[in-house]
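Printed here is data_23.cif (mmCIF, C-alpha atoms):
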```
data_work
loop_
_atom_site.label_atom_id
_atom_site.label_comp_id
_atom_site.auth_asym_id
_atom_site.auth_seq_id
_atom_site.Cartn_x
_atom_site.Cartn_y
_atom_site.Cartn_z
CA MET A 1 -16.26 137.10 145.68
CA SER A 2 -16.51 133.45 144.72
CA ASN A 3 -12.72 132.96 144.60
CA ASP A 4 -12.22 134.64 147.92
CA LEU A 5 -14.95 132.60 149.52
CA THR A 6 -13.90 129.15 148.35
CA ALA A 7 -10.52 129.81 149.94
CA ARG A 8 -12.35 129.74 153.27
CA ARG A 9 -13.13 126.05 152.79
CA LYS A 10 -11.18 123.54 154.78
CA GLY A 11 -9.73 121.46 151.98
CA VAL A 12 -8.83 124.26 149.59
CA GLY A 13 -5.13 124.59 148.91
CA ARG A 14 -4.35 121.94 151.49
CA GLY A 15 -6.04 118.77 150.22
CA LEU A 16 -8.17 116.35 152.18
CA ALA A 17 -7.33 112.75 152.99
CA PHE A 18 -10.26 110.34 153.12
CA VAL A 19 -9.43 107.20 155.08
CA VAL A 20 -11.85 104.37 154.30
CA THR A 21 -11.51 101.69 156.93
CA GLY A 22 -13.54 98.77 158.25
CA PRO A 23 -13.34 95.00 158.62
CA SER A 24 -11.74 92.92 155.91
CA GLY A 25 -14.49 91.84 153.51
CA ALA A 26 -16.63 94.95 154.04
CA GLY A 27 -16.05 95.86 150.39
CA LYS A 28 -13.63 98.76 150.81
CA ASN A 29 -11.97 98.24 147.43
CA SER A 30 -15.19 98.02 145.41
CA VAL A 31 -16.75 101.01 147.12
CA ILE A 32 -13.59 103.14 146.71
CA ASN A 33 -13.11 102.23 143.04
CA ARG A 34 -16.67 103.12 142.09
CA THR A 35 -16.70 106.25 144.20
CA MET A 36 -13.61 107.60 142.44
CA ALA A 37 -15.12 107.01 138.99
CA GLY A 38 -17.63 109.81 139.55
CA LEU A 39 -15.47 112.34 141.31
CA PRO A 40 -12.75 114.59 139.91
CA SER A 41 -9.56 115.49 141.79
CA LEU A 42 -9.66 112.42 143.98
CA GLU A 43 -6.74 109.99 143.77
CA TYR A 44 -6.07 106.64 145.35
CA SER A 45 -3.07 106.21 147.58
CA ILE A 46 -1.69 102.76 146.84
CA SER A 47 -0.59 101.00 150.02
CA TYR A 48 2.43 98.78 150.45
CA THR A 49 1.88 95.25 151.74
CA THR A 50 3.76 92.06 152.46
CA ARG A 51 0.71 89.89 151.79
CA PRO A 52 0.65 87.98 148.49
CA PRO A 53 -1.62 89.32 145.73
CA ARG A 54 -5.09 87.84 145.45
CA GLU A 55 -6.36 86.69 142.10
CA ARG A 56 -6.92 89.71 139.80
CA GLU A 57 -4.93 92.06 142.04
CA VAL A 58 -2.25 93.94 140.14
CA ASP A 59 1.05 95.13 141.59
CA GLY A 60 1.25 98.94 141.53
CA VAL A 61 -2.53 99.24 141.06
CA ASP A 62 -4.21 97.55 144.02
CA TYR A 63 -1.12 97.49 146.22
CA HIS A 64 2.60 97.67 145.96
CA PHE A 65 3.42 94.05 146.85
CA ILE A 66 6.81 93.99 148.53
CA SER A 67 8.91 91.56 150.57
CA ARG A 68 9.17 91.62 154.35
CA GLU A 69 12.77 92.79 153.99
CA GLU A 70 11.82 95.75 151.81
CA PHE A 71 8.95 96.58 154.17
CA ALA A 72 11.35 96.63 157.13
CA GLU A 73 13.78 98.85 155.20
CA ARG A 74 11.00 101.30 154.38
CA ILE A 75 10.03 101.49 158.05
CA GLU A 76 13.68 102.14 158.86
CA ARG A 77 13.88 104.97 156.31
CA GLY A 78 10.69 106.55 157.70
CA ASP A 79 8.83 106.06 154.41
CA PHE A 80 5.53 105.22 156.05
CA ALA A 81 3.05 107.72 157.43
CA GLU A 82 1.49 104.71 159.19
CA HIS A 83 1.98 100.96 159.12
CA ALA A 84 0.24 98.13 160.89
CA THR A 85 0.13 94.35 160.89
CA TYR A 86 -3.08 92.47 160.24
CA LEU A 87 -3.19 88.66 160.62
CA GLY A 88 0.57 88.39 160.10
CA ASP A 89 0.77 90.65 157.02
CA SER A 90 2.01 94.22 157.14
CA TYR A 91 0.42 97.22 155.44
CA GLY A 92 1.93 100.68 155.10
CA THR A 93 1.00 104.09 153.69
CA SER A 94 3.68 105.99 151.79
CA ARG A 95 4.29 109.44 153.20
CA SER A 96 5.83 110.89 150.02
CA GLN A 97 2.99 109.56 147.84
CA ILE A 98 0.37 111.43 149.89
CA ASP A 99 2.44 114.60 150.15
CA GLY A 100 2.91 114.54 146.37
CA MET A 101 -0.81 114.20 145.70
CA VAL A 102 -1.78 116.93 148.11
CA ALA A 103 0.91 119.21 146.65
CA ARG A 104 -0.73 118.75 143.24
CA GLY A 105 -3.99 119.98 144.81
CA VAL A 106 -5.93 116.74 144.67
CA ASP A 107 -7.65 114.96 147.51
CA VAL A 108 -6.47 111.50 148.50
CA ILE A 109 -8.51 108.42 149.31
CA LEU A 110 -6.90 105.61 151.27
CA ASN A 111 -7.92 102.04 152.02
CA ILE A 112 -6.59 101.31 155.49
CA GLU A 113 -7.05 98.36 157.85
CA VAL A 114 -8.71 99.30 161.14
CA GLU A 115 -5.50 99.09 163.19
CA GLY A 116 -3.76 101.48 160.80
CA ALA A 117 -6.72 103.86 160.80
CA LYS A 118 -6.64 103.95 164.60
CA LEU A 119 -2.97 104.97 164.42
CA ILE A 120 -3.78 107.75 161.94
CA ARG A 121 -6.63 108.94 164.15
CA ARG A 122 -4.16 109.12 167.04
CA ASP A 123 -1.08 110.50 165.27
CA GLY A 124 -2.49 112.24 162.20
CA LEU A 125 -1.24 111.85 158.64
CA GLY A 126 1.61 114.26 158.01
CA GLY A 127 -0.49 117.25 159.03
CA HIS A 128 -3.17 116.71 156.37
CA THR A 129 -6.87 117.06 157.21
CA VAL A 130 -8.18 113.50 157.55
CA VAL A 131 -11.79 112.35 157.26
CA PHE A 132 -12.52 108.82 158.52
CA VAL A 133 -15.21 106.63 156.99
CA PHE A 134 -15.98 103.32 158.67
CA LEU A 135 -17.40 100.87 156.13
CA VAL A 136 -19.18 97.79 157.45
CA PRO A 137 -21.26 95.02 155.94
CA SER A 138 -24.93 94.85 157.01
CA SER A 139 -24.19 91.77 159.14
CA LEU A 140 -21.44 89.36 160.10
CA ALA A 141 -23.28 86.67 158.10
CA ARG A 142 -23.00 88.93 155.04
CA LEU A 143 -19.32 89.50 155.79
CA GLU A 144 -18.66 85.76 155.94
CA GLU A 145 -20.54 85.31 152.66
CA ARG A 146 -18.35 87.93 151.01
CA LEU A 147 -15.10 86.53 152.35
CA ARG A 148 -16.08 83.06 151.05
CA ALA A 149 -17.11 84.44 147.66
CA ARG A 150 -13.68 86.04 147.35
CA GLY A 151 -12.28 82.50 147.46
CA SER A 152 -8.80 83.65 148.38
CA GLU A 153 -8.62 82.30 151.94
CA SER A 154 -9.03 79.00 153.76
CA SER A 155 -11.85 78.39 156.26
CA GLU A 156 -9.37 78.99 159.09
CA GLN A 157 -8.28 82.31 157.61
CA ILE A 158 -11.92 83.35 157.18
CA ALA A 159 -12.72 82.41 160.78
CA ALA A 160 -9.75 84.52 161.91
CA ARG A 161 -10.91 87.49 159.81
CA LEU A 162 -14.43 87.25 161.27
CA ASP A 163 -12.98 87.11 164.73
CA VAL A 164 -10.93 90.24 164.11
CA ALA A 165 -13.96 91.92 162.49
CA LYS A 166 -16.03 91.52 165.66
CA ARG A 167 -13.33 93.24 167.68
CA GLU A 168 -12.82 95.95 165.06
CA MET A 169 -16.48 96.99 165.36
CA ASP A 170 -15.60 98.34 168.80
CA ALA A 171 -13.39 100.99 167.20
CA LEU A 172 -16.38 102.45 165.35
CA GLY A 173 -16.93 105.36 167.71
CA ILE A 174 -13.61 107.06 167.00
CA PHE A 175 -14.37 107.58 163.30
CA ASP A 176 -16.39 110.32 161.56
CA TYR A 177 -18.87 108.55 159.30
CA LEU A 178 -20.55 105.16 159.17
CA VAL A 179 -21.41 103.66 155.78
CA ILE A 180 -23.20 100.31 155.70
CA ASN A 181 -22.36 98.34 152.59
CA ASP A 182 -25.56 96.37 152.16
CA ASP A 183 -26.25 97.60 148.65
CA LEU A 184 -23.12 98.62 146.69
CA GLU A 185 -24.78 101.46 144.76
CA THR A 186 -26.12 103.00 147.97
CA ALA A 187 -22.75 102.73 149.70
CA VAL A 188 -21.02 104.39 146.73
CA ALA A 189 -23.59 107.23 146.66
CA GLU A 190 -23.05 107.74 150.38
CA LEU A 191 -19.26 107.84 150.14
CA ARG A 192 -19.53 110.30 147.24
CA ALA A 193 -21.85 112.47 149.34
CA ILE A 194 -19.31 112.46 152.17
CA VAL A 195 -16.48 113.53 149.85
CA THR A 196 -18.65 116.23 148.25
CA ALA A 197 -19.86 117.56 151.60
CA GLU A 198 -16.42 117.60 153.21
CA ARG A 199 -15.10 119.64 150.29
CA LEU A 200 -17.74 122.29 151.10
CA ARG A 201 -16.77 122.50 154.78
CA LEU A 202 -15.62 125.80 156.18
CA SER A 203 -12.48 125.76 158.26
CA MET B 1 -25.55 94.30 163.58
CA SER B 2 -26.88 96.92 161.18
CA ASN B 3 -29.62 98.10 163.54
CA ASP B 4 -27.23 98.39 166.44
CA LEU B 5 -24.75 100.29 164.33
CA THR B 6 -27.07 102.88 162.82
CA ALA B 7 -28.05 103.85 166.36
CA ARG B 8 -24.48 105.10 166.75
CA ARG B 9 -25.12 107.80 164.19
CA LYS B 10 -25.58 111.35 165.40
CA GLY B 11 -29.03 112.09 163.99
CA VAL B 12 -30.68 108.76 164.76
CA GLY B 13 -33.59 109.02 167.17
CA ARG B 14 -32.86 112.70 167.73
CA GLY B 15 -33.33 114.37 164.38
CA LEU B 16 -31.06 116.88 162.72
CA ALA B 17 -31.84 120.51 162.00
CA PHE B 18 -30.32 121.96 158.82
CA VAL B 19 -30.19 125.74 158.90
CA VAL B 20 -29.77 127.23 155.43
CA THR B 21 -28.71 130.84 155.73
CA GLY B 22 -27.09 133.50 153.57
CA PRO B 23 -27.80 136.91 152.08
CA SER B 24 -31.26 137.72 150.82
CA GLY B 25 -31.36 136.86 147.12
CA ALA B 26 -28.86 134.00 147.39
CA GLY B 27 -31.62 131.62 146.33
CA LYS B 28 -32.31 129.89 149.66
CA ASN B 29 -35.94 129.08 148.84
CA SER B 30 -35.26 127.58 145.41
CA VAL B 31 -32.34 125.51 146.63
CA ILE B 32 -34.26 124.23 149.68
CA ASN B 33 -37.38 123.33 147.69
CA ARG B 34 -35.49 121.31 145.11
CA THR B 35 -33.27 119.68 147.69
CA MET B 36 -36.28 118.40 149.63
CA ALA B 37 -37.84 116.87 146.51
CA GLY B 38 -35.17 114.21 146.35
CA LEU B 39 -34.77 113.41 150.03
CA PRO B 40 -37.09 111.44 152.31
CA SER B 41 -37.67 112.31 155.97
CA LEU B 42 -36.75 115.95 155.55
CA GLU B 43 -39.40 118.57 156.31
CA TYR B 44 -39.47 122.31 155.98
CA SER B 45 -39.99 124.43 159.06
CA ILE B 46 -42.22 127.32 158.01
CA SER B 47 -41.07 130.59 159.56
CA TYR B 48 -43.29 133.37 160.84
CA THR B 49 -42.79 136.83 159.43
CA THR B 50 -44.25 140.32 159.57
CA ARG B 51 -43.13 141.13 156.04
CA PRO B 52 -45.86 141.18 153.37
CA PRO B 53 -46.02 138.21 150.98
CA ARG B 54 -44.24 138.56 147.67
CA GLU B 55 -46.00 137.62 144.48
CA ARG B 56 -46.59 133.84 144.35
CA GLU B 57 -45.81 133.38 148.05
CA VAL B 58 -48.53 131.46 149.88
CA ASP B 59 -49.44 131.89 153.55
CA GLY B 60 -48.78 128.68 155.49
CA VAL B 61 -46.53 127.34 152.72
CA ASP B 62 -43.69 129.81 152.23
CA TYR B 63 -44.19 131.64 155.51
CA HIS B 64 -46.84 132.22 158.11
CA PHE B 65 -47.56 135.86 157.41
CA ILE B 66 -48.65 137.51 160.65
CA SER B 67 -49.13 141.02 162.01
CA ARG B 68 -46.60 142.85 164.17
CA GLU B 69 -49.00 142.49 167.10
CA GLU B 70 -49.27 138.73 166.73
CA PHE B 71 -45.49 138.52 166.32
CA ALA B 72 -44.99 140.43 169.57
CA GLU B 73 -47.48 138.17 171.37
CA ARG B 74 -45.67 135.07 170.15
CA ILE B 75 -42.36 136.44 171.43
CA GLU B 76 -44.07 137.12 174.76
CA ARG B 77 -45.40 133.54 174.97
CA GLY B 78 -41.93 132.14 174.18
CA ASP B 79 -43.14 130.55 170.94
CA PHE B 80 -39.95 131.30 169.01
CA ALA B 81 -36.76 129.28 169.19
CA GLU B 82 -35.13 132.33 167.55
CA HIS B 83 -36.34 135.56 166.06
CA ALA B 84 -34.57 138.43 164.39
CA THR B 85 -35.32 141.59 162.49
CA TYR B 86 -34.05 142.17 158.98
CA LEU B 87 -34.56 145.54 157.25
CA GLY B 88 -37.51 146.36 159.49
CA ASP B 89 -39.33 143.02 159.14
CA SER B 90 -39.28 140.34 161.80
CA TYR B 91 -38.73 136.63 161.25
CA GLY B 92 -39.22 133.86 163.80
CA THR B 93 -38.86 130.09 164.07
CA SER B 94 -41.56 128.17 165.91
CA ARG B 95 -40.19 126.08 168.73
CA SER B 96 -43.16 123.65 168.87
CA GLN B 97 -43.11 123.07 165.12
CA ILE B 98 -39.49 121.90 165.21
CA ASP B 99 -39.98 119.81 168.35
CA GLY B 100 -43.00 118.14 166.70
CA MET B 101 -41.06 117.26 163.55
CA VAL B 102 -38.08 115.90 165.40
CA ALA B 103 -40.42 113.87 167.68
CA ARG B 104 -41.83 112.23 164.53
CA GLY B 105 -38.28 111.21 163.65
CA VAL B 106 -37.80 113.46 160.62
CA ASP B 107 -35.03 115.95 160.00
CA VAL B 108 -35.88 119.62 159.69
CA ILE B 109 -34.64 122.16 157.17
CA LEU B 110 -34.93 125.86 157.97
CA ASN B 111 -34.52 128.99 155.91
CA ILE B 112 -33.11 131.59 158.29
CA GLU B 113 -31.80 135.10 157.77
CA VAL B 114 -28.14 135.52 158.74
CA GLU B 115 -28.89 137.40 161.97
CA GLY B 116 -31.23 134.62 163.14
CA ALA B 117 -28.71 131.94 162.17
CA LYS B 118 -26.05 133.70 164.24
CA LEU B 119 -28.40 133.58 167.23
CA ILE B 120 -28.98 129.85 166.71
CA ARG B 121 -25.24 129.27 166.43
CA ARG B 122 -24.82 131.06 169.75
CA ASP B 123 -27.83 129.74 171.68
CA GLY B 124 -28.67 126.47 169.93
CA LEU B 125 -32.10 125.37 168.78
CA GLY B 126 -33.94 123.67 171.63
CA GLY B 127 -31.15 121.15 172.15
CA HIS B 128 -31.34 119.74 168.61
CA THR B 129 -28.22 119.01 166.58
CA VAL B 130 -27.89 121.88 164.12
CA VAL B 131 -25.92 121.90 160.85
CA PHE B 132 -25.33 125.33 159.28
CA VAL B 133 -25.11 125.85 155.54
CA PHE B 134 -24.14 129.28 154.24
CA LEU B 135 -25.54 129.81 150.76
CA VAL B 136 -24.12 132.64 148.67
CA PRO B 137 -24.39 133.80 145.09
CA SER B 138 -21.23 133.65 142.99
CA SER B 139 -20.88 137.43 143.13
CA LEU B 140 -22.58 140.57 144.40
CA ALA B 141 -23.37 141.45 140.77
CA ARG B 142 -25.21 138.14 140.50
CA LEU B 143 -27.03 138.85 143.74
CA GLU B 144 -28.18 142.24 142.48
CA GLU B 145 -29.34 140.63 139.25
CA ARG B 146 -31.42 138.12 141.20
CA LEU B 147 -32.95 140.70 143.51
CA ARG B 148 -33.96 142.78 140.47
CA ALA B 149 -35.40 139.75 138.65
CA ARG B 150 -37.55 139.02 141.69
CA GLY B 151 -39.20 142.40 141.04
CA SER B 152 -40.61 142.68 144.54
CA GLU B 153 -38.49 145.56 145.84
CA SER B 154 -37.65 149.10 144.90
CA SER B 155 -34.14 150.19 143.91
CA GLU B 156 -33.65 151.60 147.41
CA GLN B 157 -34.68 148.33 149.02
CA ILE B 158 -32.35 146.41 146.72
CA ALA B 159 -29.48 148.76 147.58
CA ALA B 160 -30.20 148.17 151.27
CA ARG B 161 -30.23 144.38 150.79
CA LEU B 162 -26.90 144.51 148.95
CA ASP B 163 -25.46 146.61 151.71
CA VAL B 164 -26.57 144.11 154.34
CA ALA B 165 -25.32 141.23 152.16
CA LYS B 166 -21.79 142.62 152.14
CA ARG B 167 -21.79 142.74 155.93
CA GLU B 168 -23.39 139.31 156.24
CA MET B 169 -20.50 137.75 154.31
CA ASP B 170 -18.32 138.44 157.35
CA ALA B 171 -20.36 135.93 159.36
CA LEU B 172 -19.35 133.14 157.00
CA GLY B 173 -16.65 131.68 159.24
CA ILE B 174 -18.99 130.63 162.04
CA PHE B 175 -20.99 128.26 159.83
CA ASP B 176 -20.25 124.64 158.83
CA TYR B 177 -20.59 124.51 155.05
CA LEU B 178 -20.32 126.93 152.17
CA VAL B 179 -22.48 126.37 149.08
CA ILE B 180 -22.09 128.77 146.16
CA ASN B 181 -25.30 129.14 144.20
CA ASP B 182 -23.91 129.86 140.78
CA ASP B 183 -25.66 126.98 139.05
CA LEU B 184 -28.90 125.88 140.75
CA GLU B 185 -28.53 122.17 139.96
CA THR B 186 -25.03 122.10 141.40
CA ALA B 187 -26.10 123.94 144.54
CA VAL B 188 -29.00 121.49 145.03
CA ALA B 189 -26.71 118.48 144.54
CA GLU B 190 -24.30 119.96 147.09
CA LEU B 191 -26.97 120.61 149.71
CA ARG B 192 -28.30 117.07 149.22
CA ALA B 193 -24.79 115.70 149.69
CA ILE B 194 -24.48 117.66 152.93
CA VAL B 195 -27.78 116.27 154.27
CA THR B 196 -26.86 112.73 153.20
CA ALA B 197 -23.38 112.94 154.72
CA GLU B 198 -24.53 114.46 158.01
CA ARG B 199 -27.01 111.60 158.41
CA LEU B 200 -24.08 109.17 158.24
CA ARG B 201 -22.08 111.00 160.90
CA LEU B 202 -21.10 109.13 164.03
CA SER B 203 -21.76 110.84 167.32
#
```

Show me, as structure tokens, the structure contained in the file I just sent.
Amino acid sequence: MSNDLTARRKGVGRGLAFVVTGPSGAGKNSVINRTMAGLPSLEYSISYTTRPPREREVDGVDYHFISREEFAERIERGDFAEHATYLGDSYGTSRSQIDGMVARGVDVILNIEVEGAKLIRRDGLGGHTVVFVFLVPSSLARLEERLRARGSESSEQIAARLDVAKREMDALGIFDYLVINDDLETAVAELRAIVTAERLRLS
Amino acid sequence: MSNDLTARRKGVGRGLAFVVTGPSGAGKNSVINRTMAGLPSLEYSISYTTRPPREREVDGVDYHFISREEFAERIERGDFAEHATYLGDSYGTSRSQIDGMVARGVDVILNIEVEGAKLIRRDGLGGHTVVFVFLVPSSLARLEERLRARGSESSEQIAARLDVAKREMDALGIFDYLVINDDLETAVAELRAIVTAERLRLS
């Protein structure tokens, strides 16, 4: 009975894609990394980007850091399930990477800028079931604090990110879940709960 | 920002109703009781029933045990948001009890027989947002084991419950989540995750 029944769940045999989006500086990377630590069968889809690595970011782990030329070629070849430009840098999600993960029966978690997430909401992600989590800081003041603590951008770049963040908040309503990253442990517990619950969903 | 944003969640200011349903003997009471222990702002809606109390069941805690006459009067007065009959006994959910809880800003969890849950799925529950969780044992053998361990019914009654259970499984597809109660701790963790996640849902 049990085997028959689990097959009635939405993600079973098809794989779920969890898109974590939200303003830059909301803490998407930290929350995703810690969430994955406690959950089996959940793998991170490493995005491609033309932006230079920040301190402590590792090529092939945090992102695939590639040149603008290679990015353009990959667009041309249709390698990206979605791609978007944020403050002059491009970000893309590899179609084959996601298909490969889902084929192995694992769920995928993706860190996507808001513009890219809006595109996925509109166009889908290669036919996979997508769950959207909007991660925000508790306030813009907190966001600014976090961007400054990161120490990787100039004051002008931070001002630009805050400006974009304000506009990005408007997109909130099109996503499925809202997680407020005020306390990291709470945000991680909430994202884990979302993944766990979605895996129990009936189709 | 945070205050504004949380107001965009589905349950905020309106209250969510979690209907836990599934075959008799699936362990709905145990799972609900333990789930509530770890979650704030979640209260149990005590059903009315004409069935006699089982050993250790307390009137006004597990159920309101009432006569058939009182049950009929309550139907007449429109007291029940839903009511259904299961193996000759009637079960009803008090409309005013749920409205009162939701007005106090808490979420409500209900233990409802499958027939009653189907009615709520069809007709709603006084306009409240309802989330349906179908709880099942890992197998019919396990279910039989549990019904026997309970020691409150005869072999004929158990056979009847198993018979109904098989039919009730067909209703599965109309509900939102499937929790398999093989291991109690796991089932409790899963129901908690569902409540936590649904509270983060955007409307």

Output the contact residues of chain B with respect to chain A at a cut-off of 12 Å, based on all atoms listed in the file, as a PyMOL selection string. chain B and resi 1-11+131-143+165-166+169-182+186-203

Tell me which residues come within 12 Å of (-8.0, 116.5, 146.2), as a PyMOL selection string, counting all atoms listed in the file in the file's coordinates. chain A and resi 10-18+36+39-45+98-109+128-130+195-196+198-199

Tell me which residues the PyMOL selection byres ((chain A and resi 119) around 12) grabs here, as a PDB file with C-alpha atoms, keeping the file's coordinate frame.
```
ATOM      1  CA  VAL A  19      -9.430 107.200 155.080  1.00  0.00           C
ATOM      2  CA  THR A  21     -11.510 101.690 156.930  1.00  0.00           C
ATOM      3  CA  PHE A  80       5.530 105.220 156.050  1.00  0.00           C
ATOM      4  CA  ALA A  81       3.050 107.720 157.430  1.00  0.00           C
ATOM      5  CA  GLU A  82       1.490 104.710 159.190  1.00  0.00           C
ATOM      6  CA  HIS A  83       1.980 100.960 159.120  1.00  0.00           C
ATOM      7  CA  ALA A  84       0.240  98.130 160.890  1.00  0.00           C
ATOM      8  CA  THR A  85       0.130  94.350 160.890  1.00  0.00           C
ATOM      9  CA  GLY A  92       1.930 100.680 155.100  1.00  0.00           C
ATOM     10  CA  THR A  93       1.000 104.090 153.690  1.00  0.00           C
ATOM     11  CA  ILE A 112      -6.590 101.310 155.490  1.00  0.00           C
ATOM     12  CA  GLU A 113      -7.050  98.360 157.850  1.00  0.00           C
ATOM     13  CA  VAL A 114      -8.710  99.300 161.140  1.00  0.00           C
ATOM     14  CA  GLU A 115      -5.500  99.090 163.190  1.00  0.00           C
ATOM     15  CA  GLY A 116      -3.760 101.480 160.800  1.00  0.00           C
ATOM     16  CA  ALA A 117      -6.720 103.860 160.800  1.00  0.00           C
ATOM     17  CA  LYS A 118      -6.640 103.950 164.600  1.00  0.00           C
ATOM     18  CA  ILE A 120      -3.780 107.750 161.940  1.00  0.00           C
ATOM     19  CA  ARG A 121      -6.630 108.940 164.150  1.00  0.00           C
ATOM     20  CA  ARG A 122      -4.160 109.120 167.040  1.00  0.00           C
ATOM     21  CA  ASP A 123      -1.080 110.500 165.270  1.00  0.00           C
ATOM     22  CA  GLY A 124      -2.490 112.240 162.200  1.00  0.00           C
ATOM     23  CA  LEU A 125      -1.240 111.850 158.640  1.00  0.00           C
ATOM     24  CA  PHE A 132     -12.520 108.820 158.520  1.00  0.00           C
ATOM     25  CA  ALA A 171     -13.390 100.990 167.200  1.00  0.00           C
ATOM     26  CA  ILE A 174     -13.610 107.060 167.000  1.00  0.00           C
ATOM     27  CA  PHE A 175     -14.370 107.580 163.300  1.00  0.00           C
TER      28      PHE A 175
END
```

So which residues get picked by the PyMOL selection byres ((chain B and resi 53) around 12) here, written as number ranges by chain? B: 48-52, 54-67, 89, 152-153

Please compute the atom CA of Ala160 of chain A-atom CA of Asn33 of chain A distance, one decimal, in Å.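 Interatomic distance here is 26.1 Å.
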
What does the distance between atom CA of Ile46 of chain A and atom CA of Lys28 of chain A come to in Å, to one decimal place?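 Distance reported for this atom pair: 13.2 Å.
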
Would you place a box with edges along x, y and z of the file around all atoms of segment 91-107 of chain B listed there, add 4 Å to each of its six sides, and report the centre and edge lengths in Å to one decimal, as lines of an AutoDock Vina configuration file?
```
center_x = -39.1
center_y = 123.9
center_z = 164.4
size_x = 16.1
size_y = 33.4
size_z = 16.9
```

Could you please determine the separation between atom CA of Arg95 of chain A and atom CA of Val31 of chain A in Å, to one decimal place?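 Interatomic distance here is 23.5 Å.
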